[in-house]
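S.K.: For reference, this is upload.cif, and it has mmCIF, N, CA and C atoms.
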data_model
#
loop_
_atom_site.label_atom_id
_atom_site.label_comp_id
_atom_site.auth_asym_id
_atom_site.auth_seq_id
_atom_site.Cartn_x
_atom_site.Cartn_y
_atom_site.Cartn_z
N MET A 1 -62.03 -65.41 -14.49
CA MET A 1 -62.60 -64.13 -14.11
C MET A 1 -61.51 -63.16 -13.66
N GLN A 2 -60.56 -63.68 -12.89
CA GLN A 2 -59.48 -62.83 -12.40
C GLN A 2 -58.62 -62.31 -13.56
N TYR A 3 -58.35 -63.17 -14.51
CA TYR A 3 -57.58 -62.76 -15.68
C TYR A 3 -58.31 -61.68 -16.46
N THR A 4 -59.59 -61.84 -16.63
CA THR A 4 -60.39 -60.88 -17.39
C THR A 4 -60.42 -59.52 -16.71
N VAL A 5 -60.62 -59.51 -15.40
CA VAL A 5 -60.64 -58.24 -14.66
C VAL A 5 -59.27 -57.58 -14.72
N GLY A 6 -58.21 -58.36 -14.60
CA GLY A 6 -56.86 -57.79 -14.68
C GLY A 6 -56.56 -57.22 -16.05
N LEU A 7 -56.97 -57.91 -17.08
CA LEU A 7 -56.76 -57.43 -18.44
C LEU A 7 -57.54 -56.15 -18.70
N ILE A 8 -58.79 -56.10 -18.30
CA ILE A 8 -59.59 -54.89 -18.50
C ILE A 8 -59.00 -53.73 -17.72
N THR A 9 -58.57 -53.98 -16.49
CA THR A 9 -57.94 -52.91 -15.70
C THR A 9 -56.67 -52.42 -16.36
N ALA A 10 -55.84 -53.33 -16.86
CA ALA A 10 -54.60 -52.93 -17.53
C ALA A 10 -54.88 -52.12 -18.79
N LEU A 11 -55.87 -52.51 -19.56
CA LEU A 11 -56.21 -51.77 -20.77
C LEU A 11 -56.75 -50.38 -20.44
N LEU A 12 -57.55 -50.28 -19.40
CA LEU A 12 -58.08 -48.97 -19.00
C LEU A 12 -56.97 -48.06 -18.48
N LEU A 13 -56.03 -48.62 -17.72
CA LEU A 13 -54.95 -47.80 -17.18
C LEU A 13 -53.90 -47.46 -18.23
N ASN A 14 -53.93 -48.12 -19.38
CA ASN A 14 -52.98 -47.84 -20.43
C ASN A 14 -53.43 -46.69 -21.32
N GLN A 15 -54.65 -46.25 -21.21
CA GLN A 15 -55.16 -45.14 -22.00
C GLN A 15 -54.47 -43.84 -21.59
N VAL A 16 -54.33 -42.92 -22.52
CA VAL A 16 -53.69 -41.65 -22.25
C VAL A 16 -54.79 -40.62 -21.96
N VAL A 17 -55.13 -40.50 -20.70
CA VAL A 17 -56.15 -39.56 -20.24
C VAL A 17 -55.63 -38.95 -18.95
N VAL A 18 -56.05 -37.74 -18.66
CA VAL A 18 -55.55 -37.03 -17.48
C VAL A 18 -55.90 -37.78 -16.20
N SER A 19 -57.10 -38.30 -16.09
CA SER A 19 -57.51 -38.97 -14.86
C SER A 19 -56.85 -40.33 -14.68
N VAL A 20 -56.24 -40.87 -15.72
CA VAL A 20 -55.58 -42.17 -15.62
C VAL A 20 -54.34 -42.06 -14.73
N ARG A 21 -53.67 -40.94 -14.72
CA ARG A 21 -52.50 -40.77 -13.85
C ARG A 21 -52.90 -40.91 -12.39
N PHE A 22 -54.03 -40.33 -12.05
CA PHE A 22 -54.54 -40.45 -10.69
C PHE A 22 -54.94 -41.90 -10.40
N ALA A 23 -55.57 -42.55 -11.36
CA ALA A 23 -55.99 -43.94 -11.17
C ALA A 23 -54.78 -44.86 -11.00
N ARG A 24 -53.73 -44.62 -11.76
CA ARG A 24 -52.51 -45.42 -11.61
C ARG A 24 -51.90 -45.23 -10.22
N SER A 25 -51.90 -44.01 -9.75
CA SER A 25 -51.36 -43.74 -8.42
C SER A 25 -52.18 -44.46 -7.35
N MET A 26 -53.48 -44.43 -7.47
CA MET A 26 -54.35 -45.09 -6.50
C MET A 26 -54.23 -46.62 -6.59
N TYR A 27 -53.92 -47.12 -7.78
CA TYR A 27 -53.78 -48.55 -7.98
C TYR A 27 -52.48 -49.06 -7.34
N ILE A 28 -51.42 -48.29 -7.39
CA ILE A 28 -50.12 -48.70 -6.87
C ILE A 28 -49.97 -48.37 -5.38
N LEU A 29 -50.75 -47.45 -4.88
CA LEU A 29 -50.64 -47.02 -3.49
C LEU A 29 -50.70 -48.16 -2.47
N PRO A 30 -51.60 -49.14 -2.58
CA PRO A 30 -51.62 -50.23 -1.59
C PRO A 30 -50.35 -51.08 -1.59
N TRP A 31 -49.59 -51.07 -2.66
CA TRP A 31 -48.34 -51.82 -2.68
C TRP A 31 -47.22 -51.03 -2.02
N ILE A 32 -47.29 -49.72 -2.03
CA ILE A 32 -46.22 -48.88 -1.51
C ILE A 32 -46.37 -48.64 -0.01
N VAL A 33 -47.59 -48.47 0.45
CA VAL A 33 -47.84 -48.07 1.84
C VAL A 33 -47.25 -49.05 2.86
N PRO A 34 -47.40 -50.37 2.74
CA PRO A 34 -46.84 -51.26 3.76
C PRO A 34 -45.33 -51.13 3.93
N GLY A 35 -44.62 -50.96 2.84
CA GLY A 35 -43.17 -50.79 2.93
C GLY A 35 -42.78 -49.50 3.63
N VAL A 36 -43.50 -48.44 3.34
CA VAL A 36 -43.23 -47.16 3.99
C VAL A 36 -43.56 -47.23 5.48
N VAL A 37 -44.68 -47.85 5.81
CA VAL A 37 -45.06 -47.98 7.23
C VAL A 37 -44.02 -48.82 7.98
N ALA A 38 -43.57 -49.90 7.40
CA ALA A 38 -42.56 -50.74 8.05
C ALA A 38 -41.26 -49.97 8.24
N ALA A 39 -40.87 -49.19 7.25
CA ALA A 39 -39.63 -48.42 7.36
C ALA A 39 -39.73 -47.35 8.44
N VAL A 40 -40.91 -46.83 8.68
CA VAL A 40 -41.09 -45.80 9.71
C VAL A 40 -41.22 -46.42 11.09
N VAL A 41 -41.89 -47.57 11.20
CA VAL A 41 -42.18 -48.17 12.50
C VAL A 41 -40.97 -48.89 13.10
N PHE A 42 -40.16 -49.53 12.30
CA PHE A 42 -39.06 -50.31 12.84
C PHE A 42 -38.09 -49.51 13.70
N PRO A 43 -37.68 -48.31 13.33
CA PRO A 43 -36.80 -47.57 14.24
C PRO A 43 -37.45 -47.28 15.60
N PHE A 44 -38.75 -47.06 15.63
CA PHE A 44 -39.42 -46.82 16.89
C PHE A 44 -39.51 -48.11 17.72
N MET A 45 -39.66 -49.24 17.05
CA MET A 45 -39.73 -50.51 17.78
C MET A 45 -38.42 -50.83 18.47
N TYR A 46 -37.31 -50.50 17.85
CA TYR A 46 -36.00 -50.83 18.39
C TYR A 46 -35.35 -49.65 19.10
N ASN A 47 -36.10 -48.65 19.44
CA ASN A 47 -35.59 -47.50 20.17
C ASN A 47 -35.00 -47.97 21.50
N TYR A 48 -33.84 -47.45 21.87
CA TYR A 48 -33.15 -47.91 23.08
C TYR A 48 -33.92 -47.54 24.35
N ASP A 49 -34.52 -46.38 24.38
CA ASP A 49 -35.19 -45.92 25.60
C ASP A 49 -36.63 -46.41 25.74
N ALA A 50 -37.40 -46.36 24.69
CA ALA A 50 -38.83 -46.65 24.82
C ALA A 50 -39.35 -47.56 23.71
N GLY A 51 -38.50 -48.34 23.10
CA GLY A 51 -38.95 -49.21 22.03
C GLY A 51 -39.69 -50.43 22.55
N LEU A 52 -40.64 -50.91 21.80
CA LEU A 52 -41.45 -52.05 22.21
C LEU A 52 -40.61 -53.30 22.41
N VAL A 53 -39.65 -53.54 21.56
CA VAL A 53 -38.81 -54.73 21.67
C VAL A 53 -37.95 -54.65 22.93
N ASN A 54 -37.33 -53.51 23.19
CA ASN A 54 -36.48 -53.39 24.36
C ASN A 54 -37.30 -53.40 25.66
N LEU A 55 -38.48 -52.81 25.66
CA LEU A 55 -39.31 -52.86 26.85
C LEU A 55 -39.78 -54.28 27.14
N THR A 56 -40.11 -55.03 26.10
CA THR A 56 -40.52 -56.42 26.28
C THR A 56 -39.37 -57.26 26.79
N CYS A 57 -38.21 -57.08 26.22
CA CYS A 57 -37.05 -57.85 26.71
C CYS A 57 -36.70 -57.48 28.14
N ALA A 58 -36.81 -56.20 28.48
CA ALA A 58 -36.50 -55.78 29.83
C ALA A 58 -37.53 -56.32 30.82
N SER A 59 -38.79 -56.37 30.45
CA SER A 59 -39.82 -56.88 31.36
C SER A 59 -39.69 -58.39 31.53
N LEU A 60 -39.24 -59.10 30.51
CA LEU A 60 -39.05 -60.54 30.64
C LEU A 60 -37.82 -60.85 31.48
N ALA A 61 -36.82 -59.99 31.42
CA ALA A 61 -35.59 -60.23 32.17
C ALA A 61 -35.73 -59.78 33.62
N TRP A 62 -36.68 -58.93 33.92
CA TRP A 62 -36.85 -58.41 35.27
C TRP A 62 -37.54 -59.45 36.14
N THR A 63 -36.90 -59.85 37.21
CA THR A 63 -37.48 -60.87 38.08
C THR A 63 -37.98 -60.28 39.39
N GLY A 64 -37.73 -58.99 39.64
CA GLY A 64 -38.25 -58.22 40.74
C GLY A 64 -38.36 -58.92 41.98
#
If you took the structure in this file and wrote it as structure tokens, what would it be?
M.R.:
Amino acid sequence: MQYTVGLITALLLNQVVVSVRFARSMYILPWIVPGVVAAVVFPFMYNYDAGLVNLTCASLAWTG
């Protein structure tokens, strides 16, 4: 079933129609978004002043 659905989707996306460009973009979007989100979030996580990683390490090291 999975092979059949994949083949039908590939054949439909291979057609030369104006709306297919939009469909291809929507089909690839879930693969692109996680990489972009990770690339944007990591600098904030490791921020020296307010990053989650540094705040966690500082709170674990603080014995007050």
S.K.: Report, as AutoDock Vina command-line options, the centre and edge lengths in Å (one decimal) of the axis-aligned box enclosing every listed atom of range 43-52 of chain A, padded by 8 Å on each side.
M.R.:
--center_x -37.3 --center_y -49.6 --center_z 19.5 --size_x 24.3 --size_y 23.4 --size_z 28.4
S.K.: What does the distance between CA of Asn14 in chain A and CA of Trp31 in chain A come to in Å, to one decimal place?
M.R.: 18.8 Å
S.K.: Enter the distance from atom N of Met45 in chain A to atom N of Ile28 in chain A, in Å, rounded to one decimal.
M.R.: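 According to the coordinates, atom N of Met45 in chain A and atom N of Ile28 in chain A are separated by 27.1 Å.
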S.K.: Could you jot down the CA of Phe44 in chain A to CA of Cys57 in chain A separation for me, Å, one decimal place?
M.R.: 15.0 Å
S.K.: Find the residues near Ala23 in chain A: any atom within 8 Å, counting only C-alpha atoms, skip ones fewer than 4 places away on the same chain, and give them as a list of chain:residue names.
M.R.: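 Neighbouring residues, sequence-local ones excluded: A:Leu13, A:Ser19, A:Tyr27.
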S.K.: In chain A, what's helix (DSSP H, G or I) per DSSP? Answer as an MDAnalysis selection string?
M.R.: chainID A and resid 2:13 18:45 52:61
